[in-house]
Structure formats: structure tokens, C-alpha cells
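Shown next, in C-alpha cells, is the structure this report addresses.
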Amino acid sequence: MDSNDLLKNASTKAGIGCGSAFFIFIVSAILLSTERAAGICLALLLITIPLAITGFLLKSLFAKHGRAIWAIALVLGTLLGLAFPLKDDGEAKAQKESTQVIATKQDKQNVEAPAQGEGQLAQAVPQHPGPEQDAPTLEEALAELDKLVGLTEVKAEVHKLADFAKVAQARKEQGLKVPTLSYHCVFTGNPGTGKTTVARIMGNIYRALGILKSGHLVETDRSGLVAEYVGKTAIKTNAVIDSALDGVLFIDEAYALAGGNNDYGSEAIATLLKRMEDNRDRLVVIVAGYPDDMKHFIDTNPGLQSRFNRYIHFPDYTAEELAAMFRMRAKSNQYTLSPALEEKLDKAMVQWTRHRDRQFGNGRFVRNLFENTVERQAIRLAALTNVSAEQLTLLEAEDLEQTTSMDDDKPTLEEALAQLDELIGLDAVKDEVHKLADFCKIAKEREAAGMKVATMSYHCVFTGSPGTGKTTVARIMAKIYHALGILDKGHLVETDRSGLVAEYVGQTAIKTNKLIDSALGGVLFIDEAYSLAPKDSKNDYGQEAIATLLKRMEDDRDRLVVIVAGYTEEMKQFINANSGLQSRFTRYIEFPDYTTAELADIFRMQVRKNHYALSPEFEENLNKAMAYLTKNRDKNFGNARYVRNLFEKAVETQARRLAADPEHTEDMLRILELSDIGLRLKPPAPKAEDGDGNDNANNDKDNEGADNEGEQ
């Protein structure tokens with residue numbers, strides 16, 4: 001074979017070898033992970049390029065054994081790539097940072113060991129403890145669960161799951177078929193109800209049953225999973241999941257991952273779902289958060305629905321359970337409670353829990369309360385000399401945080417109704433509210449006597465023009481409901497469309513729920529409520545706010561009263577257009593416009609309340625002046641708001657008038673003149689005699705009243 005044939009033969013074998021290397025790389029990129037595919041590519045490049053050059057130099061050798069040499073080289077390159085995958089620097093850095101975060105969090109938890117049942121962050125065991133480490137047995141883990149304060153239903157659910165898992169493991173050991181069981185869970189409940197503590201115990205139970213190798217707990221939330229840049233969230237999420245393998249991954253406030261269409265949280269969810277499937281024998285995931293938010297979060301994603309089908313609800317602790325936690329914490333920290341503190345603690349807990357909302361901290365509240373009590377004791381003892389050991393361990397009633405009882409400021413029914421009766425005008429409104437109060441009062445008495453009470457809706461529709469006292473009466477009605485024990489707090493939360501409706505899809509329900517949460521125990525007052533359902537837009541986000549409101553009115557019917565307000569015709573159309581609104585709002589109270597005399601009385605009230613006085617001329621002509629100023633009123637007339645603005649303008653005009661007079665007296669600082677509202681009296685018209693010698697006096701009302709001088 002001549003030189004040209006040898007060169008041609010070597011070129012052919014080099015082409016086949018390089019083509020085979022490229023084919024191997026394509027297949028590995030499809031079937032293998034990115035790291036291993038990159039490792040194979042690099043190894044093949046490092047081998048094939050030198051081998052091709054060598055083939056041209058040793059043409060005779062490669063002419064005889066080229067196929068075998070190339071085959072060996074390709075196999076060797078593939079094996080090297082599999083053995084030494086090429087790891088991405090960004091992922092390695094993210095994993096290192098995640099490990100550091102988890103380690104820091106665990107160190108902090110080791111320092112702050114929580115008391116049982118308080119519901120604060122649980123202590124995470126080392127990431128991959130070896131078998132030599134002491135791990136609790138199944139009986140010990142279940143005993144730890146049973147020692148927790150309260151949580152009766154939670155304990156029953158965990159015991160049921162443990163029993164099922166125990167039998168399933170026994171069947172597996174006997175070679176019997178084991179029914180498919182998901183160990184992933186959804187924990188629902190308010191903050192501080194023990195979710196993290198129970199998750200840690202469940203990790204120990206799974207380890208004891210052999211379901212998980214280590215059973216350690218890794219806690220995280222949205223900030224631990226979602227990155228700030230495109231493509232980094234999957235890396236960050238995978239790093240946290242890697243640290244949780246063979247244990248439990250606990251994601252608090254998991255609903256925050258579903259932030260919107262363009263949010264990186266969806267990438268974290270997709271990564272989590274894939275890893276839950278890929279590592280189903282090495283990973284248990286527990287997601288936690290508020291009940292409604294978690295249900296919405298799970299129901300909106302089929303992947304989450306199929307993997308999370310076990311819900312465990314954590315109820316708020318009762319006052320007795322919270323007091324027991326306080327005593328348990330005191331005992332574990334070598335403190336004792338004086339008899340006076342024992343008595344005060346129980347009463348205080350009843351008071352604090354009576355007015356709680358979903359942000360109430362439960363176990364965390366107890367922890368903070370205890371720390372505050374110890375701090376107050378230390379301040380008290382620091383002023384003493386020769387403090388005994390008994391004094392150092394004794395907590396007194398005065399050490400418990402002094403809070404103003406909400407009942408101390410609670411108005412009586414008589415006081416609330418007196419405030420209503422003091423309002424100017426509104427006779428028909430007062431009559432309706434008195435009738436409602438009487439009905440509620442008798443209903444409460446019948447309930448206390450064990451008699452049947454007729455079902456009644458406390459929600460109202462207030463109709464009328466602006467400034468007719470709707471908000472003021474709503475505030476008084478909240479006090480009436482509070483005095484009758486219908487509402488726990490009796491506060492008023494005012495809002496309108498802008499406080500309920502968001503700008504983006506999916507955000508309105510969150511915004512509306514947050515506002516409703518702030519109104520629980522009181523009255524939610526929605527002004528111009530008809531604007532939630534504009535006529536020209538069927539896809540308006542206001543419909544989402546209405547749907548959310550109706551659901552919460554049903555779910556929280558014992559904790560929430562809603563009053564919607566607006567113009568009469570608009571409100572009737574708004575309510576009648578929605579059957580859900582019709583069934584919940586059956587009580588209408590009409591607020592008429594104020595009369596001229598009532599507007600004048602409101603002006604006088606503003607004057608007295610702000611320590612001013614009217615000049616004799618102003619007082620005598622106030623009613624006539626008010627009639628003149630309001631003679632052209634329409635549906636947009638502001639009523640009491642108009643009077644308030646008129647008073648404020650009068651004060652400003654008086655100030656300008658007195659500023660120009662350096663010799664003004666103290667009395668002049670209080671007196672408002674008719675000219676301060678831009679009016680003056682017309683001078684008397686000159687008398688004219690007719691043929692009969694009688695005066696032809698001009699008795700027009702303008703002469704009797706005021707002349708518009710223009711606003712000053």
C-alpha cells in the first residue's frame with residue numbers, strides 16, 4: 001500500500017472516529033445529566049484530537065489497527081467522562097452557600113432549643129447522621145409527640161400515619177405487597193401552633209421505621225428556594241433538596257412560591273416536583289402555611305395535588321393550653337410562679353386569646369411573654385440588695401406584662417346608643433339602629449337562657465349621598481355589636497375598591513383576604529361598594545374581590561360584619577345583580593340628605609368643638625346663609641363634608657383677616673364673622689311712595705337673607 005493509500009485510510013478512520021465521538025456526546029447529552037455529558041465531551045476531545053494527529057503520523061500502524069485503537073479510545077473517553085463529571089461553578093457555589101445557610105440555621109437552633117409544643121423553629125439534627133449516633137426509637141418519638149401541649153387531633157393523625165407505616169414496613173419485610181403510600185404532608189394552621197416541632201418528630205418517626213435513613217429536618221421558605229436571576233432558582237432549590245435527602249424538607253409559607261405568572265417561584269415548584277419523583281425513596285416534603293392559602297396553593301397545581309393528599313390541621317391553642325406552656329417554660333428554666341401570678345396568668349390568657357386574629361403567635365406569643373416577664377423581674381430585683389435565691393427564682397404578678405384590658409375601654413350598650421342619639425338629624429336611621437340593637441339584646445338573652453334564637457344577619461347596606469353620616473353610624477354600630485358580645489373587638493376598618501382590588505391576575509384575592517383579616521372581630525365598611533362591579537367590564541378584577549368577600553363572610557360569619565355603602569340606586573343595582581350578595585345583605589338603611597337647619601347645627605357643632613364662636617350677626621343669619629349656599633345642591637352634594645370644608649375655609653379667612661390687623665384682641669381670635677364664609681348682608685332697599693302714599697317695600701327673600709360676596 002503506497003503513501004497516498006495509507007493517508008487516505010488514516011483520514012477515513014479518523015473521520016469515523018471523530019463522528020463516533022460526536023454521536024456518543026449527543027446520546028449522553030440526551031440520556032445523562034448535564035455534568036456527566038459535559039465530562040464525556042471534554043474527555044473525548046482530549047483523546048480524539050491527539051489520536052487523530054497521531055493517526056496521520058503513524059499511518060501504517062493505524063492502517064492495520066486503526067479501528068481497534070479508535071474503539072478503545074472512545075470507550076476510555078466515555079468511562080473517564082462518567083467517572084469525572086464536569087460540575088458547573090455556579091451550582092457548586094450555590095450549593096456551598098446553601099450548605100452554609102443551613103449550617104448557620106442549625107447552629108442558631110442548637111443555641112435556642114425550643115420548649116415542647118410552643119411551635120417555634122425546631123432544632124435540626126446534623127444533615128447526615130451516621131448510624132452510631134443516638135436516634136430515638138419509634139416509642140420514644142411518639143412519646144415526645146404525646147408530651148406536647150394540646151394538638152389532640154394532630155397527635156391522632158400522626159399516630160394513625162405511624163401505625164400504617166409500621167404495618168406497611170412489616171409487610172415489606174415479609175415479601176408481601178405493600179400499598180402505595182405518600183408520606184408528604186400539608187400542615188395548615190396559624191403561626192406558632194407547633195407545625196415545625198411536629199415535623200421534626202415525624203422525621204424521627206420515619207427514621208425509626210426505616211422509611212428515611214437519617215430523618216433530619218431541613219427548614220426553608222421562599223427565600224431559601226427562589227433566586228433573583230433567570231436559571232439560578234433550579235440550582236438553589238436543588239442545593240437545598242440535596243441537603244434534605246434521607247430526611248424531611250419543611251417549607252414554611254409554601255404558598256408564597258406561587259407569586260404570579262412571571263415569578264421564579266414556579267421554577268422552584270417544578271424543580272421540587274421533579275426531585276420528589278426522582279428521590280421518592282429518600283425525601284419527604286412537608287409544606288405549611290395558613291389553611292385557605294395552602295388549599296388554594298395546592299388546588300391550583302395538578303402536580304402538587306397528586307403528591308400532597310394528606311392534610312393535618314393545627315388549631316390555635318386555647319387559653320388554658322397557652323397558660324400551661326408558660327408554666328412549662330418557667331419550670332424548665334428553674335422559675336416558680338407566685339399564687340398571685342398563677343391567678344393573673346389564667347385571666348390574662350383568656351383576655352389575650354379573646355381578641356386574637358390569624359397573626360396571633362400562639363406558642364411564639366408565650367415565648368415572648370415569658371422572656372418579657374423574666375426581663376421585668378430582673379429590672380425589679382436589680383433595685384434590691386441582698387437578693388435571696390428564692391427571690392431569684394420567683395416570678396410575681398407584677399412581672400407579667402401589663403396590658404390594657406380591651407374590656408376596660410369597651411363601651412356599654414347604653415353609651416353606644418347615647419353616641420348615636422347625640423348625632424344631628426338622622427331620625428329614621430336612629431330608629432332602625434335602635435330596633436336592631438333591641439333585637440340583638442333580646443336574642444342574646446334568649447341564647448343565655450338556652451332558648452332557640454332566630455337566625456339573623458348583621459350585615460347592612462347603607463344608602464345615601466356623601467357626607468350623610470354613614471361611616472359615623474357604622475363606627476357606632478361596631479361598638480353596639482361589641483357591647484352585645486356579637487363582635488370580639490368592635491373596631492371599624494374602612495376601605496373602598498382601591499383597598500380590595502389589585503392590578504394583576506391572582507393578586508386581588510390576596511389583597512382582599514389581607515384586609516378582611518384586619519377586620520376580623522369588627523366591622524368592614526366598604527364605601528362606594530358598587531364600583532367593585534362596573535357595568536362595562538365583565539373581566540374586571542372586582543368580581544374576584546366580591547367572590548373572596550362572599551366566601552369569607554360565610555367562613556367567618558361569627559367574627560365579621562360587613563357594611564357596604566354608596567348611592568341609593570347604584571347600591572340597589574349592585575346588590576340585585578349578584579344572588580350571593582342578595583342573600584347576605586337583606587338589611588337596608590337609607591341616609592337622607594341633611595336639611596338646611598341640620599347643616600347649620602353641624603356648623604355650630606364644628607365651631608364649639610374647635611373653640612370658636614359666631615358673631616351675633618353670623619349666628620342670627622346662619623340658617624339663611626346655609627340655605628343660600630346650598631340651594632343648588634345635587635346628588636354629589638357633600639352634606640356634612642361640605643359643612644366641614646366651609647368651616648375650615650371660614651377659619652382660614654379669619655386668620656388672613658386678623659393677620660392684616662396688628663391690633664386684634666384675644667376675643668377677636670375666637671369670633672367668626674359672616675364675611676368669613678364669603679357672604680354679607682344686603683343693605684335695606686330704599687323706600688318708594690306710590691300714588692296712595694303707601695310704602696312699596698321690597699320684601700324679597702334676598703333682602704332678608706345674605707348676599708354672595710364671593711369666597712374670600
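Quick note on naming: the chains in the C-alpha cells go A, B, ... in the order shown, residues restart at 1 in each chain, and ligands are numbered from 1 in order of appearance.
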Distance query segment 348-354 of chain A at most 7 Å, only C-alpha atoms, self and fewer than 3 positions along chain excluded, as a VMD selection string: chain A and resid 319 323 344 to 345 488
Write the residues you've just listed into a file as a PDB file, in the first residue's frame, and include all heavy atoms for each of them.
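result_1.pdb, freshly written:
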```pdb
ATOM      1  N   ALA A 319     -56.713  29.166  75.673  1.00  0.00           N
ATOM      2  CA  ALA A 319     -56.106  29.975  76.740  1.00  0.00           C
ATOM      3  C   ALA A 319     -55.470  29.067  77.793  1.00  0.00           C
ATOM      4  O   ALA A 319     -54.376  29.358  78.303  1.00  0.00           O
ATOM      5  CB  ALA A 319     -57.169  30.872  77.374  1.00  0.00           C
ATOM      6  N   ALA A 323     -51.465  28.958  78.812  1.00  0.00           N
ATOM      7  CA  ALA A 323     -51.032  29.131  80.200  1.00  0.00           C
ATOM      8  C   ALA A 323     -50.171  27.946  80.640  1.00  0.00           C
ATOM      9  O   ALA A 323     -49.171  28.120  81.350  1.00  0.00           O
ATOM     10  CB  ALA A 323     -52.247  29.284  81.106  1.00  0.00           C
ATOM     11  N   LYS A 344     -53.431  35.516  87.966  1.00  0.00           N
ATOM     12  CA  LYS A 344     -53.423  36.561  86.944  1.00  0.00           C
ATOM     13  C   LYS A 344     -53.148  35.984  85.562  1.00  0.00           C
ATOM     14  O   LYS A 344     -53.716  36.447  84.559  1.00  0.00           O
ATOM     15  CB  LYS A 344     -52.374  37.611  87.291  1.00  0.00           C
ATOM     16  CG  LYS A 344     -52.321  38.775  86.311  1.00  0.00           C
ATOM     17  CD  LYS A 344     -51.274  39.795  86.720  1.00  0.00           C
ATOM     18  CE  LYS A 344     -51.212  40.949  85.736  1.00  0.00           C
ATOM     19  NZ  LYS A 344     -50.190  41.947  86.101  1.00  0.00           N
ATOM     20  N   LEU A 345     -52.288  34.967  85.486  1.00  0.00           N
ATOM     21  CA  LEU A 345     -51.908  34.374  84.206  1.00  0.00           C
ATOM     22  C   LEU A 345     -53.118  33.796  83.489  1.00  0.00           C
ATOM     23  O   LEU A 345     -53.309  34.023  82.289  1.00  0.00           O
ATOM     24  CB  LEU A 345     -50.847  33.295  84.419  1.00  0.00           C
ATOM     25  CG  LEU A 345     -50.384  32.536  83.169  1.00  0.00           C
ATOM     26  CD1 LEU A 345     -49.686  33.477  82.201  1.00  0.00           C
ATOM     27  CD2 LEU A 345     -49.458  31.384  83.561  1.00  0.00           C
ATOM     28  N   ASP A 488     -65.904  40.528  68.893  1.00  0.00           N
ATOM     29  CA  ASP A 488     -64.878  40.499  69.934  1.00  0.00           C
ATOM     30  C   ASP A 488     -64.200  41.844  70.135  1.00  0.00           C
ATOM     31  O   ASP A 488     -63.877  42.217  71.255  1.00  0.00           O
ATOM     32  CB  ASP A 488     -63.800  39.455  69.593  1.00  0.00           C
ATOM     33  CG  ASP A 488     -64.325  38.040  69.770  1.00  0.00           C
ATOM     34  OD1 ASP A 488     -65.314  37.883  70.508  1.00  0.00           O
ATOM     35  OD2 ASP A 488     -63.768  37.118  69.166  1.00  0.00           O
TER      36      ASP A 488
END
```
Any chance you could tabulate, as a Markdown table, the residues of segment 156-255 of chain A at most 6 Å from segment 281-294 of chain A with each one's nearest atom pair and distance in Å to one decimal, using only C-alpha atoms, in chain and rising number order?
```
| residue | atom | partner | partner_atom | distance |
| --- | --- | --- | --- | --- |
| A:His184 | CA | A:Val285 | CA | 5.0 |
| A:Cys185 | CA | A:Ile286 | CA | 4.8 |
| A:Val186 | CA | A:Val287 | CA | 5.1 |
| A:Phe187 | CA | A:Ala288 | CA | 4.6 |
| A:Thr188 | CA | A:Pro291 | CA | 4.8 |
| A:Gly189 | CA | A:Tyr290 | CA | 5.1 |
| A:Asn190 | CA | A:Tyr290 | CA | 5.7 |
| A:Leu245 | CA | A:Leu283 | CA | 5.3 |
| A:Asp246 | CA | A:Arg282 | CA | 4.5 |
| A:Gly247 | CA | A:Leu283 | CA | 5.8 |
| A:Val248 | CA | A:Val284 | CA | 4.8 |
| A:Leu249 | CA | A:Val285 | CA | 4.8 |
| A:Phe250 | CA | A:Ile286 | CA | 4.9 |
| A:Ile251 | CA | A:Val287 | CA | 4.8 |
| A:Asp252 | CA | A:Ala288 | CA | 4.9 |
| A:Glu253 | CA | A:Gly289 | CA | 4.5 |
| A:Ala254 | CA | A:Val287 | CA | 5.8 |
| A:Tyr255 | CA | A:Met294 | CA | 5.7 |
```
Save the residues we just selected, N, CA and C atoms, as a short mmCIF file (atom, residue, chain, number, x, y, z; two decimals), in the first residue's frame?
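Writing done, so here's result-v3.cif:
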```cif
data_model
loop_
_atom_site.label_atom_id
_atom_site.label_comp_id
_atom_site.auth_asym_id
_atom_site.auth_seq_id
_atom_site.Cartn_x
_atom_site.Cartn_y
_atom_site.Cartn_z
N HIS A 184 -45.62 12.54 52.14
CA HIS A 184 -45.61 14.01 52.09
C HIS A 184 -46.87 14.55 52.77
N CYS A 185 -46.78 15.70 53.38
CA CYS A 185 -47.90 16.25 54.14
C CYS A 185 -48.08 17.75 53.90
N VAL A 186 -49.31 18.22 54.12
CA VAL A 186 -49.61 19.64 54.15
C VAL A 186 -50.04 19.98 55.57
N PHE A 187 -49.28 20.84 56.22
CA PHE A 187 -49.61 21.30 57.57
C PHE A 187 -50.29 22.66 57.46
N THR A 188 -51.51 22.78 57.94
CA THR A 188 -52.22 24.06 57.89
C THR A 188 -52.47 24.58 59.30
N GLY A 189 -52.39 25.89 59.44
CA GLY A 189 -52.64 26.50 60.75
C GLY A 189 -51.95 27.84 60.86
N ASN A 190 -52.27 28.55 61.91
CA ASN A 190 -51.69 29.87 62.16
C ASN A 190 -50.28 29.74 62.72
N LEU A 245 -31.91 15.26 51.55
CA LEU A 245 -32.05 13.85 51.16
C LEU A 245 -31.86 12.94 52.37
N ASP A 246 -32.72 11.91 52.43
CA ASP A 246 -32.77 10.96 53.54
C ASP A 246 -33.41 11.57 54.78
N GLY A 247 -34.01 12.77 54.64
CA GLY A 247 -34.67 13.42 55.76
C GLY A 247 -35.94 14.11 55.30
N VAL A 248 -36.34 15.12 56.05
CA VAL A 248 -37.58 15.85 55.79
C VAL A 248 -37.25 17.29 55.38
N LEU A 249 -37.83 17.72 54.27
CA LEU A 249 -37.72 19.11 53.84
C LEU A 249 -39.01 19.82 54.26
N PHE A 250 -38.89 20.83 55.12
CA PHE A 250 -40.04 21.57 55.65
C PHE A 250 -40.05 22.96 55.03
N ILE A 251 -41.09 23.26 54.24
CA ILE A 251 -41.20 24.55 53.55
C ILE A 251 -42.31 25.36 54.20
N ASP A 252 -41.95 26.39 54.94
CA ASP A 252 -42.94 27.22 55.62
C ASP A 252 -43.47 28.29 54.67
N GLU A 253 -44.74 28.63 54.84
CA GLU A 253 -45.41 29.61 53.97
C GLU A 253 -45.18 29.25 52.50
N ALA A 254 -45.41 27.98 52.18
CA ALA A 254 -45.12 27.48 50.84
C ALA A 254 -45.95 28.16 49.77
N TYR A 255 -47.13 28.68 50.13
CA TYR A 255 -47.99 29.34 49.16
C TYR A 255 -47.32 30.56 48.53
#
```
Could you jot down the atom CA of Met626 of chain A to atom CA of Ala659 of chain A separation for me, Å, one decimal place?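 For atom CA of Met626 of chain A relative to atom CA of Ala659 of chain A, the distance reads 26.6 Å.
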Point-to-point distance in Å for atom CA of Ile589 of chain A and atom CA of Ile575 of chain A: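 Spanning atom CA of Ile575 of chain A to atom CA of Ile589 of chain A is a straight-line distance of 13.8 Å.
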